[in-house]
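Peer 1: Enclosed is the structure file entry.cif (mmCIF, C-alpha atoms).
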data_target
loop_
_atom_site.label_atom_id
_atom_site.label_comp_id
_atom_site.auth_asym_id
_atom_site.auth_seq_id
_atom_site.Cartn_x
_atom_site.Cartn_y
_atom_site.Cartn_z
CA MET A 246 93.23 132.54 -100.51
CA SER A 247 93.36 135.02 -97.75
CA GLU A 248 89.85 135.80 -98.14
CA GLU A 249 88.85 132.20 -98.05
CA LYS A 250 90.89 131.63 -95.04
CA ASN A 251 89.61 134.74 -93.53
CA PRO A 252 86.53 135.82 -95.25
CA GLY A 253 85.29 137.73 -92.33
CA GLY A 254 88.25 139.97 -92.08
CA PRO A 255 91.88 139.90 -91.13
CA PRO A 256 93.23 137.31 -88.83
CA GLY A 257 92.95 138.24 -85.29
CA ASN A 258 90.27 140.67 -86.08
CA GLU A 259 87.43 138.26 -86.38
CA SER A 260 84.30 139.53 -84.93
CA PRO A 261 83.08 137.94 -81.80
CA GLY A 262 79.93 137.04 -83.41
CA SER A 263 81.44 134.73 -86.04
CA PRO A 264 80.23 131.10 -86.14
CA LEU A 265 83.70 129.63 -85.80
CA GLU A 266 84.46 131.60 -82.72
CA ALA A 267 81.17 130.71 -81.33
CA GLN A 268 81.81 127.04 -82.08
CA HIS A 269 85.21 127.16 -80.41
CA SER A 270 83.86 129.02 -77.49
CA ILE A 271 81.00 126.62 -76.94
CA ARG A 272 83.02 123.31 -77.15
CA PRO A 273 85.33 123.94 -74.22
CA GLU A 274 82.47 124.92 -72.05
CA SER A 275 80.62 121.78 -72.99
CA ASN A 276 83.74 119.64 -72.22
CA GLU A 277 84.29 121.26 -68.87
CA ALA A 278 80.66 120.86 -68.08
CA ALA A 279 80.85 117.21 -69.07
CA ARG A 280 84.00 116.65 -67.00
CA GLY A 281 82.44 118.53 -64.06
CA VAL A 282 79.53 116.12 -63.96
CA GLU A 283 81.58 112.88 -64.19
CA GLU A 284 84.64 113.64 -61.93
CA PRO A 285 82.88 114.86 -58.79
CA GLU A 286 80.83 111.67 -58.64
CA GLY A 287 83.91 109.40 -58.57
CA ASN A 288 85.70 111.65 -56.20
CA ARG A 289 82.79 111.57 -53.90
CA ARG A 290 82.77 107.77 -53.91
CA ARG A 291 86.45 107.57 -53.19
CA ARG A 292 86.16 110.26 -50.58
CA ARG A 293 83.29 108.39 -48.92
CA ARG A 294 85.28 105.17 -48.86
CA ARG A 295 88.30 106.92 -47.37
CA ILE A 296 86.18 108.69 -44.79
CA THR A 297 84.43 105.42 -43.92
CA TRP A 298 87.72 103.58 -43.39
CA VAL A 299 89.15 106.46 -41.38
CA VAL A 300 86.05 106.49 -39.18
CA VAL A 301 86.21 102.73 -38.75
CA VAL A 302 89.91 102.87 -37.81
CA ILE A 303 89.27 105.73 -35.38
CA VAL A 304 86.35 103.90 -33.79
CA VAL A 305 88.35 100.68 -33.44
CA ALA A 306 91.34 102.54 -32.02
CA LEU A 307 89.06 104.37 -29.64
CA MET A 308 87.45 101.11 -28.57
CA LEU A 309 90.86 99.48 -28.01
CA TYR A 310 92.02 102.50 -26.03
CA MET A 311 88.88 102.44 -23.91
CA VAL A 312 89.27 98.71 -23.25
CA HIS A 313 92.94 99.15 -22.28
CA ARG A 314 92.16 102.14 -20.10
CA TYR A 315 89.31 100.31 -18.37
CA SER A 316 91.49 97.28 -17.71
CA LYS A 317 94.28 99.46 -16.31
CA ASP A 318 91.84 101.40 -14.12
CA SER A 319 90.30 98.15 -12.88
CA ALA A 320 93.70 96.73 -11.97
CA ALA A 321 94.68 99.98 -10.27
CA ASN A 322 91.40 100.09 -8.38
CA SER A 323 91.81 96.46 -7.37
CA SER A 324 95.37 97.08 -6.14
CA ALA A 325 94.27 100.20 -4.33
CA ALA A 326 91.40 98.32 -2.76
CA LYS A 327 93.71 95.54 -1.66
CA ALA A 328 96.23 98.02 -0.31
CA LYS A 329 93.50 99.92 1.47
CA ALA A 330 92.15 96.70 2.91
CA ALA A 331 95.65 95.70 4.00
CA GLN A 332 96.14 99.09 5.60
CA THR A 333 92.74 98.91 7.29
CA ALA A 334 93.28 95.42 8.80
CA ALA A 335 95.31 95.45 12.03
CA ALA A 336 98.34 93.15 12.07
CA ILE A 337 98.34 90.98 15.20
CA THR A 338 99.88 87.87 16.71
CA ILE A 339 97.69 85.26 18.32
CA GLY A 340 97.67 82.71 21.11
CA GLN A 341 95.21 80.09 22.28
CA SER A 342 93.54 79.37 25.58
CA LYS A 343 93.75 75.93 27.16
CA THR A 344 92.93 74.04 30.34
CA GLY A 345 95.66 73.25 32.87
CA ASP A 346 97.09 73.78 36.34
CA ILE A 347 98.77 76.90 37.66
CA ASN A 348 100.46 77.74 40.93
CA ILE A 349 99.68 80.76 43.08
CA TYR A 350 102.87 82.53 44.11
CA VAL A 351 103.73 85.39 46.41
CA THR A 352 106.85 87.20 45.28
CA ALA A 353 109.02 89.61 47.24
CA LEU A 354 112.52 90.98 47.38
CA GLY A 355 114.60 89.05 49.90
CA THR A 356 117.99 89.21 51.56
CA VAL A 357 120.20 86.20 52.12
CA THR A 358 120.90 85.92 55.86
CA PRO A 359 123.20 83.37 57.50
CA THR A 360 121.60 81.14 60.10
CA TYR A 361 124.41 82.12 62.48
CA THR A 362 126.88 84.97 62.24
CA VAL A 363 129.61 85.25 64.87
CA THR A 364 131.80 88.30 65.34
CA VAL A 365 134.84 87.37 67.44
CA TYR A 366 136.42 89.97 69.76
CA SER A 367 139.40 89.63 72.07
CA GLN A 368 138.43 89.09 75.70
CA ILE A 369 141.98 89.48 76.96
CA THR A 370 144.86 91.83 76.38
CA GLY A 371 147.94 90.40 74.77
CA ARG A 372 150.11 90.06 71.70
CA VAL A 373 148.95 88.00 68.75
CA MET A 374 151.32 85.11 68.27
CA SER A 375 149.84 83.44 65.18
CA VAL A 376 146.78 83.39 62.88
CA HIS A 377 145.72 79.88 61.86
CA TYR A 378 143.03 80.59 59.26
CA ARG A 379 143.15 81.73 55.64
CA GLU A 380 140.89 84.40 54.27
CA GLY A 381 137.61 82.93 53.06
CA GLN A 382 138.38 79.52 54.54
CA MET A 383 135.64 77.15 55.61
CA VAL A 384 136.32 76.29 59.26
CA ARG A 385 134.77 73.73 61.55
CA LYS A 386 133.53 74.27 65.07
CA GLY A 387 136.46 74.09 67.51
CA GLY A 388 139.10 74.78 64.87
CA ALA A 389 142.00 77.04 65.90
CA LEU A 390 141.82 80.62 64.63
CA ILE A 391 144.18 82.92 66.58
CA GLU A 392 146.82 82.44 69.26
CA ILE A 393 147.50 85.18 71.83
CA ASP A 394 150.60 85.12 74.05
CA PRO A 395 149.51 82.87 76.96
CA ARG A 396 152.54 83.29 79.25
CA PRO A 397 151.17 86.08 81.47
CA TYR A 398 147.98 84.13 82.04
CA GLU A 399 149.84 80.92 82.70
CA ALA A 400 151.81 82.73 85.43
CA MET A 401 148.63 84.12 86.95
CA LEU A 402 147.11 80.66 86.94
CA THR A 403 150.15 79.20 88.68
CA GLN A 404 149.98 81.90 91.32
CA ALA A 405 146.30 81.28 91.90
CA GLU A 406 146.84 77.54 92.17
CA GLY A 407 149.62 78.13 94.79
CA THR A 408 147.36 80.31 96.89
CA LEU A 409 144.65 77.68 96.63
CA GLU A 410 147.00 74.93 97.83
CA ARG A 411 148.14 77.07 100.78
CA ASP A 412 144.61 77.88 101.84
CA GLN A 413 143.58 74.27 101.41
CA GLY A 414 146.39 73.36 103.91
CA VAL A 415 145.11 75.99 106.35
CA LEU A 416 141.61 74.55 105.99
CA ALA A 417 142.87 71.01 106.66
CA GLN A 418 144.66 72.18 109.78
CA ALA A 419 141.56 74.01 110.99
CA ARG A 420 139.47 70.89 110.51
CA ILE A 421 142.01 68.81 112.50
CA ASP A 422 141.93 71.36 115.33
CA LEU A 423 138.16 71.36 115.24
CA GLN A 424 138.10 67.61 115.74
CA ARG A 425 140.49 67.94 118.70
CA TYR A 426 138.28 70.62 120.25
CA LYS A 427 135.27 68.40 119.84
CA ASP A 428 137.02 65.53 121.61
CA ALA A 429 138.25 67.82 124.42
CA TYR A 430 134.82 69.39 124.84
CA ALA A 431 133.36 65.88 125.12
CA ARG A 432 135.68 65.28 128.09
CA ASN A 433 134.81 68.72 129.47
CA ALA A 434 138.43 69.75 128.97
CA ILE A 435 137.64 73.05 127.17
CA ALA A 436 134.93 75.61 127.17
CA LYS A 437 132.14 75.66 124.62
CA GLN A 438 133.40 79.02 123.33
CA GLN A 439 136.67 77.56 122.09
CA LEU A 440 134.82 74.88 120.17
CA ASP A 441 132.54 77.45 118.58
CA ASP A 442 135.49 79.64 117.62
CA GLN A 443 137.22 76.71 115.97
CA GLU A 444 134.11 75.82 114.00
CA GLN A 445 133.96 79.37 112.59
CA ALA A 446 137.66 79.25 111.78
CA VAL A 447 136.98 76.17 109.67
CA VAL A 448 134.14 78.01 107.90
CA GLN A 449 136.43 80.94 107.19
CA SER A 450 139.08 78.66 105.74
CA GLU A 451 136.50 76.95 103.57
CA GLY A 452 135.46 80.34 102.21
CA THR A 453 139.04 81.25 101.47
CA VAL A 454 139.59 77.99 99.62
CA LYS A 455 136.41 78.51 97.57
CA ALA A 456 137.59 82.00 96.62
CA ASP A 457 140.91 80.58 95.62
CA GLN A 458 139.18 77.95 93.53
CA GLY A 459 137.25 80.71 91.76
CA THR A 460 140.45 82.56 91.05
CA VAL A 461 142.02 79.45 89.59
CA ALA A 462 138.95 78.82 87.43
CA TYR A 463 138.95 82.42 86.21
CA ASP A 464 142.61 82.26 85.34
CA LYS A 465 142.01 79.06 83.43
CA VAL A 466 139.29 80.78 81.43
CA GLN A 467 141.58 83.70 80.71
CA LEU A 468 144.20 81.26 79.58
CA ASP A 469 141.69 79.58 77.31
CA TYR A 470 140.95 82.97 75.74
CA CYS A 471 144.52 82.95 74.51
CA HIS A 472 143.54 80.11 72.17
CA ILE A 473 140.68 81.48 70.04
CA VAL A 474 138.75 78.71 68.27
CA ALA A 475 135.78 78.72 65.91
CA PRO A 476 132.51 78.75 67.86
CA ILE A 477 130.54 77.52 64.82
CA SER A 478 131.23 75.92 61.46
CA GLY A 479 131.20 78.38 58.61
CA GLN A 480 133.23 80.64 56.41
CA VAL A 481 135.63 83.24 57.75
CA GLY A 482 136.00 86.64 56.15
CA LEU A 483 139.06 88.73 55.44
CA ARG A 484 141.90 88.69 57.98
CA LEU A 485 141.50 91.61 60.37
CA VAL A 486 144.55 91.07 62.62
CA ASP A 487 148.12 90.06 61.94
CA PRO A 488 150.71 88.32 64.11
CA GLY A 489 152.65 90.76 66.29
CA ASN A 490 149.74 93.11 66.89
CA THR A 491 148.52 93.70 70.42
CA VAL A 492 144.83 93.25 71.06
CA PHE A 493 142.94 94.67 73.99
CA SER A 494 139.98 93.38 75.88
CA GLY A 495 136.83 95.48 76.04
CA THR A 496 137.42 97.21 72.68
CA SER A 497 135.43 97.05 69.47
CA SER A 498 138.31 95.68 67.44
CA VAL A 499 137.04 92.63 65.56
CA LEU A 500 139.38 89.67 65.22
CA VAL A 501 137.37 87.54 62.78
CA VAL A 502 133.81 87.12 61.48
CA ILE A 503 132.34 83.67 60.83
CA ALA A 504 129.12 83.13 58.88
CA GLN A 505 127.32 79.82 58.62
CA LEU A 506 126.50 79.17 54.96
CA GLN A 507 125.10 75.64 55.09
CA PRO A 508 122.21 75.85 55.63
CA ILE A 509 121.41 79.49 54.96
CA THR A 510 118.22 81.52 55.12
CA VAL A 511 116.45 84.18 53.07
CA VAL A 512 114.39 86.85 54.81
CA PHE A 513 111.73 88.59 52.70
CA ASN A 514 108.79 90.88 53.40
CA VAL A 515 105.27 89.79 52.41
CA SER A 516 102.23 92.02 52.32
CA GLU A 517 99.84 91.58 55.23
CA ASP A 518 97.09 90.87 52.67
CA ASN A 519 98.73 87.50 51.95
CA LEU A 520 99.26 86.62 55.59
CA ALA A 521 95.94 84.80 56.04
CA GLN A 522 96.42 82.27 53.24
CA VAL A 523 100.06 81.66 54.12
CA LYS A 524 99.32 81.19 57.81
CA ALA A 525 96.49 78.80 56.97
CA GLN A 526 98.95 76.62 55.07
CA LEU A 527 101.46 76.72 57.94
CA ASP A 528 98.79 75.88 60.49
CA GLY A 529 97.88 72.87 58.34
CA LYS A 530 101.46 71.60 58.73
CA HIS A 531 102.17 72.16 55.04
CA LYS A 532 105.76 72.75 53.95
CA LEU A 533 105.63 75.71 51.61
CA THR A 534 108.27 75.86 48.89
CA VAL A 535 110.27 79.03 48.36
CA ASP A 536 112.31 79.60 45.19
CA ALA A 537 115.20 82.04 45.15
CA PHE A 538 115.83 83.78 41.80
CA ASN A 539 118.63 86.12 40.82
CA ARG A 540 118.18 89.89 40.71
CA ALA A 541 117.12 89.77 37.05
CA ASN A 542 114.46 87.23 38.07
CA ASP A 543 115.32 85.01 35.12
CA LYS A 544 117.40 82.26 36.76
CA LEU A 545 116.47 79.92 39.61
CA ILE A 546 119.27 79.81 42.16
CA GLU A 547 117.92 77.28 44.66
CA SER A 548 114.72 76.04 46.27
CA GLY A 549 114.04 75.84 50.00
CA LYS A 550 111.27 75.67 52.58
CA LEU A 551 109.45 78.34 54.56
CA THR A 552 110.42 77.90 58.22
CA SER A 553 108.98 80.82 60.22
CA LEU A 554 107.48 84.27 60.16
CA ASP A 555 107.75 87.30 62.38
CA ASN A 556 105.34 87.92 65.26
CA GLN A 557 104.21 91.38 64.16
CA VAL A 558 103.42 93.43 61.08
CA ASP A 559 105.59 96.40 60.27
CA THR A 560 103.20 99.35 60.49
CA THR A 561 105.36 101.57 58.27
CA THR A 562 105.26 99.21 55.28
CA GLY A 563 102.28 96.94 55.98
CA THR A 564 104.44 93.87 55.55
CA ILE A 565 105.59 90.96 57.68
CA LYS A 566 108.95 89.19 57.57
CA PHE A 567 109.17 85.59 56.42
CA ARG A 568 112.21 83.33 56.74
CA ALA A 569 112.98 80.43 54.42
CA GLU A 570 115.82 77.95 54.78
CA PHE A 571 117.95 76.69 51.89
CA PRO A 572 120.49 73.83 51.98
CA ASN A 573 122.94 75.87 49.86
CA LYS A 574 124.93 72.77 48.98
CA ASN A 575 126.85 74.49 46.19
CA LEU A 576 127.29 77.76 48.12
CA VAL A 577 125.35 79.68 45.46
CA LEU A 578 123.68 81.88 48.08
CA PHE A 579 125.89 84.42 49.80
CA PRO A 580 125.21 86.50 52.92
CA ASN A 581 123.53 89.88 52.28
CA GLN A 582 122.85 88.94 48.66
CA PHE A 583 119.62 90.33 47.18
CA VAL A 584 117.35 87.71 45.61
CA ASN A 585 113.78 87.49 44.37
CA ALA A 586 111.89 85.12 46.64
CA ARG A 587 108.85 83.30 45.24
CA LEU A 588 106.62 81.56 47.77
CA LEU A 589 104.29 78.82 46.51
CA VAL A 590 101.01 79.28 48.37
CA ASN A 591 98.51 77.11 46.46
CA THR A 592 97.84 75.34 43.15
CA LEU A 593 94.74 75.78 40.97
CA HIS A 594 93.73 72.71 38.96
CA ASP A 595 91.83 72.47 35.64
CA VAL A 596 91.47 76.20 35.05
CA THR A 597 91.51 78.13 31.77
CA LEU A 598 94.97 79.41 30.94
CA ILE A 599 95.68 82.13 28.38
CA PRO A 600 98.89 83.93 27.37
CA THR A 601 99.60 86.74 29.78
CA ALA A 602 100.28 89.06 26.82
CA ALA A 603 96.62 88.71 25.75
CA VAL A 604 95.23 90.26 28.96
CA GLN A 605 94.27 93.94 28.65
CA HIS A 606 92.90 96.40 31.20
CA ASN A 607 90.62 99.38 30.74
CA GLY A 608 91.18 100.86 34.19
CA THR A 609 88.61 98.83 36.11
CA ASN A 610 88.13 95.52 34.30
CA ALA A 611 90.27 93.02 32.44
CA PHE A 612 89.37 91.85 28.92
CA VAL A 613 90.75 90.03 25.88
CA TYR A 614 90.25 90.25 22.11
CA ILE A 615 88.91 86.99 20.67
CA VAL A 616 89.72 86.40 16.99
CA GLN A 617 86.60 85.32 15.06
CA PRO A 618 86.59 83.02 11.99
CA ASN A 619 85.90 86.03 9.70
CA ASN A 620 89.16 87.73 10.75
CA THR A 621 87.49 90.17 13.12
CA VAL A 622 87.92 90.54 16.86
CA SER A 623 85.40 90.81 19.65
CA VAL A 624 85.95 92.13 23.17
CA GLN A 625 85.43 89.58 25.95
CA PRO A 626 85.52 90.66 29.64
CA ILE A 627 87.40 88.25 31.92
CA THR A 628 88.24 87.76 35.58
CA THR A 629 91.89 87.03 36.37
CA LEU A 630 92.63 84.50 39.11
CA THR A 631 96.42 84.47 39.10
CA SER A 632 99.22 84.89 36.61
CA ASP A 633 102.90 84.44 36.01
CA GLU A 634 105.23 85.72 33.31
CA LYS A 635 103.75 83.53 30.56
CA VAL A 636 100.23 82.37 31.39
CA THR A 637 97.26 83.73 33.32
CA ALA A 638 94.37 81.80 34.86
CA VAL A 639 91.08 83.47 33.96
CA GLN A 640 87.34 83.06 34.05
CA GLY A 641 85.10 84.12 31.16
CA VAL A 642 86.96 82.43 28.29
CA SER A 643 86.61 78.80 27.25
CA ALA A 644 89.51 76.58 26.25
CA GLY A 645 90.47 76.59 22.56
CA ALA A 646 89.68 80.26 21.92
CA THR A 647 92.07 82.22 19.67
CA LEU A 648 93.23 85.45 21.30
CA ALA A 649 95.12 88.49 20.07
CA THR A 650 98.46 88.95 21.80
CA SER A 651 99.72 92.16 20.11
CA GLY A 652 98.62 95.11 17.96
CA PHE A 653 96.17 96.34 20.59
CA ASP A 654 96.57 100.02 19.64
CA ARG A 655 94.49 99.43 16.48
CA LEU A 656 91.99 96.95 17.89
CA GLU A 657 88.40 97.56 18.82
CA ASN A 658 85.24 95.51 18.85
CA GLY A 659 84.60 94.22 15.29
CA ALA A 660 87.91 95.43 13.84
CA GLN A 661 89.45 93.58 10.88
CA VAL A 662 92.71 91.84 11.70
CA MET A 663 95.51 90.13 9.83
CA VAL A 664 97.62 87.49 11.58
CA ARG A 665 101.34 88.08 11.20
CA ASN A 666 104.03 85.46 10.63
CA GLN A 667 101.68 82.96 9.03
CA GLY A 668 103.24 82.49 5.56
CA THR A 669 100.18 81.83 3.39
CA GLN A 670 96.96 82.41 5.29
CA GLN A 671 94.02 80.39 3.98
CA GLY A 672 91.57 81.92 6.42
CA SER A 673 91.24 82.72 10.05
CA GLN A 674 90.83 79.07 11.01
CA GLN A 675 94.23 78.20 9.58
CA GLY A 676 95.76 81.24 11.32
CA ALA A 677 94.11 80.31 14.59
CA GLN A 678 95.35 76.74 14.26
CA GLN A 679 98.90 77.94 13.63
CA GLY A 680 98.62 80.34 16.56
CA SER A 681 97.39 77.56 18.82
CA ASN A 682 100.36 75.45 17.82
CA SER A 683 102.72 78.16 19.08
CA ALA A 684 100.78 79.16 22.20
CA PRO A 685 101.11 75.96 24.22
CA SER A 686 104.87 76.31 24.37
CA GLY A 687 104.52 79.41 26.51
CA GLY A 688 101.67 77.92 28.48
CA ALA A 689 103.54 74.71 29.07
CA ALA A 690 106.55 76.60 30.24
CA GLY A 691 104.38 78.55 32.62
CA SER A 692 102.84 75.40 33.97
CA GLY A 693 106.18 73.75 34.22
CA GLY A 694 107.56 76.66 36.17
CA ALA A 695 104.54 76.53 38.39
CA GLY A 696 105.09 72.93 39.11
CA LYS A 697 108.54 73.42 40.52
#
Here is a file; write its structure as structure tokens.
Peer 2:
Amino acid sequence: MSEEKNPGGPPGNESPGSPLEAQHSIRPESNEAARGVEEPEGNRRRRRRRITWVVVVIVVALMLYMVHRYSKDSAANSSAAKAKAAQTAAAITIGQSKTGDINIYVTALGTVTPTYTVTVYSQITGRVMSVHYREGQMVRKGGALIEIDPRPYEAMLTQAEGTLERDQGVLAQARIDLQRYKDAYARNAIAKQQLDDQEQAVVQSEGTVKADQGTVAYDKVQLDYCHIVAPISGQVGLRLVDPGNTVFSGTSSVLVVIAQLQPITVVFNVSEDNLAQVKAQLDGKHKLTVDAFNRANDKLIESGKLTSLDNQVDTTTGTIKFRAEFPNKNLVLFPNQFVNARLLVNTLHDVTLIPTAAVQHNGTNAFVYIVQPNNTVSVQPITTLTSDEKVTAVQGVSAGATLATSGFDRLENGAQVMVRNQGTQQGSQQGAQQGSNSAPSGGAAGSGGAGK
């Protein structure tokens, strides 16, 4: 049994060269070889499919990433371009030129001066009995102001009148004697010398009476000085003397000051360069209007007429004094008040008017920036004729042009601009139209002010 089972020898000691061992050793190798040929082929297919899908997914993801990145970069570039364009364009406001009338004014600083100013002094010595005026009161000509004790002057007047009556009696007696001497001389009763002496005595008495009459008149005047009345109609100032005080003649003590306020005048200095055109208007019998504005030059106080000018130019300032008269019905002008006087010299008709803010200067010439339809500006030289606070009359620009009125620090010829305060801008024409709708208000105000 053992031999059959193991004819070649003991178990475990078979020789390597036995057929069974060889058979067992060959079969596994053949199975592994067979499995090695079949499994790698399937694995390779599966591996290829997996690799293919992975590559496809990676390519798709990469494409999606590139598309997203490109879109984001495009949006960023577009925003940056818009921001850069917005930063490059200068923000401005605009106005529009138009045709209209404008006045030519000459302006100067003036001083309100009363037509008459009276400073009242005492012409006699005496005690003040009463003061009839109130401080700041409007008085009429002939109205009582101050009473000075008249009793000494009444006594002097009575004395002078007595002397006059006595001397008049002496004169009457001398004339009677003269007539007697004439009658006696006609009868050859007296000598010619006596008649001549009597004639001279009458002359002497007449002289004495005349002197007495002068004394009486003088004393009457002195007595009148005791009753101080207003020499003009006007306003009195503060009270400078009180009852009970003694005033003296010949001193500089002021009793009262009266200034006429209705009408009142304004004196202002005008450059000698404007004298020719103003004088031409006065020589043509034209009444030139003068407006008085407050010190801030933003409120019209009253309007008057130019009445006269000085007869010489002040060589130190190169100016000449003008005087204008104002009715001053509401007493809005006060003596020694500083005002801005504006003299209307002439009026220009049908000229091109532009906002004053649009006018620029380069040292020698004036120019403006005209806004073009493509939102650019061009430099246009102009010649200014006259101007006021809001509008300027110019030559070199036609009516209806759109002009820049601000943002000049970033403007140059051909610069891009963006109109501010326009809401939604559909183009430069819409911006220009909106600017023209706002510009006439300033121009109309300027013209209206000129037409005053």
Peer 1: Tell me which protein, DNA and RNA residues are within 8 Å of range 417-425 of chain A, counting all atoms listed in the file, leaving out same-chain ones fewer than 6 positions away, and put them as a PDB file with C-alpha atoms, keeping the file's coordinate frame.
Peer 2:
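The resulting part.pdb:
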ATOM      1  CA  LEU A 440     134.820  74.880 120.170  1.00  0.00           C
ATOM      2  CA  GLN A 443     137.220  76.710 115.970  1.00  0.00           C
ATOM      3  CA  GLU A 444     134.110  75.820 114.000  1.00  0.00           C
ATOM      4  CA  ALA A 446     137.660  79.250 111.780  1.00  0.00           C
ATOM      5  CA  VAL A 447     136.980  76.170 109.670  1.00  0.00           C
ATOM      6  CA  SER A 450     139.080  78.660 105.740  1.00  0.00           C
TER       7      SER A 450
END
Peer 1: I need the residue nearest Ser478 in chain A from this list: A:Val596, A:Val363, A:Val535, A:Leu416. Use only C-alpha atoms for the distance.
Peer 2: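 Using only C-alpha atoms, Ser478 in chain A sits closest to A:Val363.
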Peer 1: Taking all atoms of range 563-575 of chain A that appear in the file, build a box with edges along x, y and z, extend it by 4 Å on every side, and state its centre and edge lengths in Å to one decimal, as JSON.
Peer 2:
{"center_x": 114.6, "center_y": 84.9, "center_z": 51.9, "size_x": 32.6, "size_y": 32.2, "size_z": 19.5}
Peer 1: Enter the distance from CA of Val616 in chain A to CA of Ala638 in chain A, in Å, rounded to one decimal.
Peer 2: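 Those two atoms sit 19.0 Å apart.
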Peer 1: Give me the residues within 10 Å of Gln582 in chain A as a ChimeraX atom specification, counting only C-alpha atoms and dropping any in the same chain fewer than 5 places off.
Peer 2: /A:355-358,511,539-540
Peer 1: So that I have them on file, write out the residues from the current selection with C-alpha atoms, as a PDB file, in the frame of the given file.
Peer 2:
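Full text of again.pdb as output:
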ATOM      1  CA  GLY A 355     114.600  89.050  49.900  1.00  0.00           C
ATOM      2  CA  THR A 356     117.990  89.210  51.560  1.00  0.00           C
ATOM      3  CA  VAL A 357     120.200  86.200  52.120  1.00  0.00           C
ATOM      4  CA  THR A 358     120.900  85.920  55.860  1.00  0.00           C
ATOM      5  CA  VAL A 511     116.450  84.180  53.070  1.00  0.00           C
ATOM      6  CA  ASN A 539     118.630  86.120  40.820  1.00  0.00           C
ATOM      7  CA  ARG A 540     118.180  89.890  40.710  1.00  0.00           C
TER       8      ARG A 540
END
Peer 1: Taking all atoms listed in the file into account, produce a table as a tab-separated table in which each residue of range 455-527 of chain A with an atom at most 9 Å from an atom of range 332-354 of chain A appears once, together with its shortest atom pair and the distance in Å to one decimal, ordered by chain and rising number.
Peer 2:
residue	atom	partner	partner_atom	distance
A:Val512	CA	A:Leu354	CA	8.7
A:Phe513	CA	A:Leu354	CA	5.9
A:Asn514	CA	A:Ala353	CA	6.3
A:Val515	CA	A:Ala353	CA	6.4
A:Ser516	CA	A:Ala353	CA	8.8
A:Asn519	CA	A:Val351	CA	7.8
Peer 1: Report the distance between CA of Thr628 in chain A and CA of Phe538 in chain A in Å, rounded to one decimal place.
Peer 2: 28.6 Å
Peer 1: Limit the output to N, CA and C atoms and give range 551-562 of chain A as an mmCIF file, in the first residue's frame.
Peer 2:
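Final output, decode.cif:
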data_model
loop_
_atom_site.group_PDB
_atom_site.id
_atom_site.type_symbol
_atom_site.label_atom_id
_atom_site.label_comp_id
_atom_site.auth_asym_id
_atom_site.auth_seq_id
_atom_site.Cartn_x
_atom_site.Cartn_y
_atom_site.Cartn_z
ATOM 1 N N LEU A 551 -28.004 161.672 -12.564
ATOM 2 C CA LEU A 551 -26.739 162.404 -12.515
ATOM 3 C C LEU A 551 -27.021 163.885 -12.751
ATOM 4 N N THR A 552 -26.533 164.737 -11.859
ATOM 5 C CA THR A 552 -26.833 166.172 -11.947
ATOM 6 C C THR A 552 -25.631 167.000 -12.372
ATOM 7 N N SER A 553 -24.430 166.677 -11.915
ATOM 8 C CA SER A 553 -23.274 167.528 -12.219
ATOM 9 C C SER A 553 -21.997 166.740 -12.013
ATOM 10 N N LEU A 554 -20.912 167.326 -12.450
ATOM 11 C CA LEU A 554 -19.584 166.769 -12.251
ATOM 12 C C LEU A 554 -18.617 167.891 -11.934
ATOM 13 N N ASP A 555 -17.508 167.518 -11.337
ATOM 14 C CA ASP A 555 -16.526 168.511 -10.919
ATOM 15 C C ASP A 555 -15.858 169.145 -12.137
ATOM 16 N N ASN A 556 -15.152 170.261 -11.910
ATOM 17 C CA ASN A 556 -14.528 170.986 -13.016
ATOM 18 C C ASN A 556 -13.066 170.641 -13.214
ATOM 19 N N GLN A 557 -12.555 169.635 -12.486
ATOM 20 C CA GLN A 557 -11.164 169.250 -12.670
ATOM 21 C C GLN A 557 -10.967 167.802 -12.223
ATOM 22 N N VAL A 558 -9.922 167.193 -12.791
ATOM 23 C CA VAL A 558 -9.567 165.818 -12.471
ATOM 24 C C VAL A 558 -8.565 165.817 -11.323
ATOM 25 N N ASP A 559 -8.770 164.937 -10.388
ATOM 26 C CA ASP A 559 -7.834 164.808 -9.277
ATOM 27 C C ASP A 559 -6.562 164.118 -9.786
ATOM 28 N N THR A 560 -5.466 164.837 -9.777
ATOM 29 C CA THR A 560 -4.224 164.304 -10.343
ATOM 30 C C THR A 560 -3.631 163.178 -9.503
ATOM 31 N N THR A 561 -3.969 163.084 -8.243
ATOM 32 C CA THR A 561 -3.420 162.019 -7.399
ATOM 33 C C THR A 561 -4.089 160.669 -7.662
ATOM 34 N N THR A 562 -5.354 160.690 -8.058
ATOM 35 C CA THR A 562 -6.083 159.440 -8.284
ATOM 36 C C THR A 562 -6.511 159.245 -9.727
#
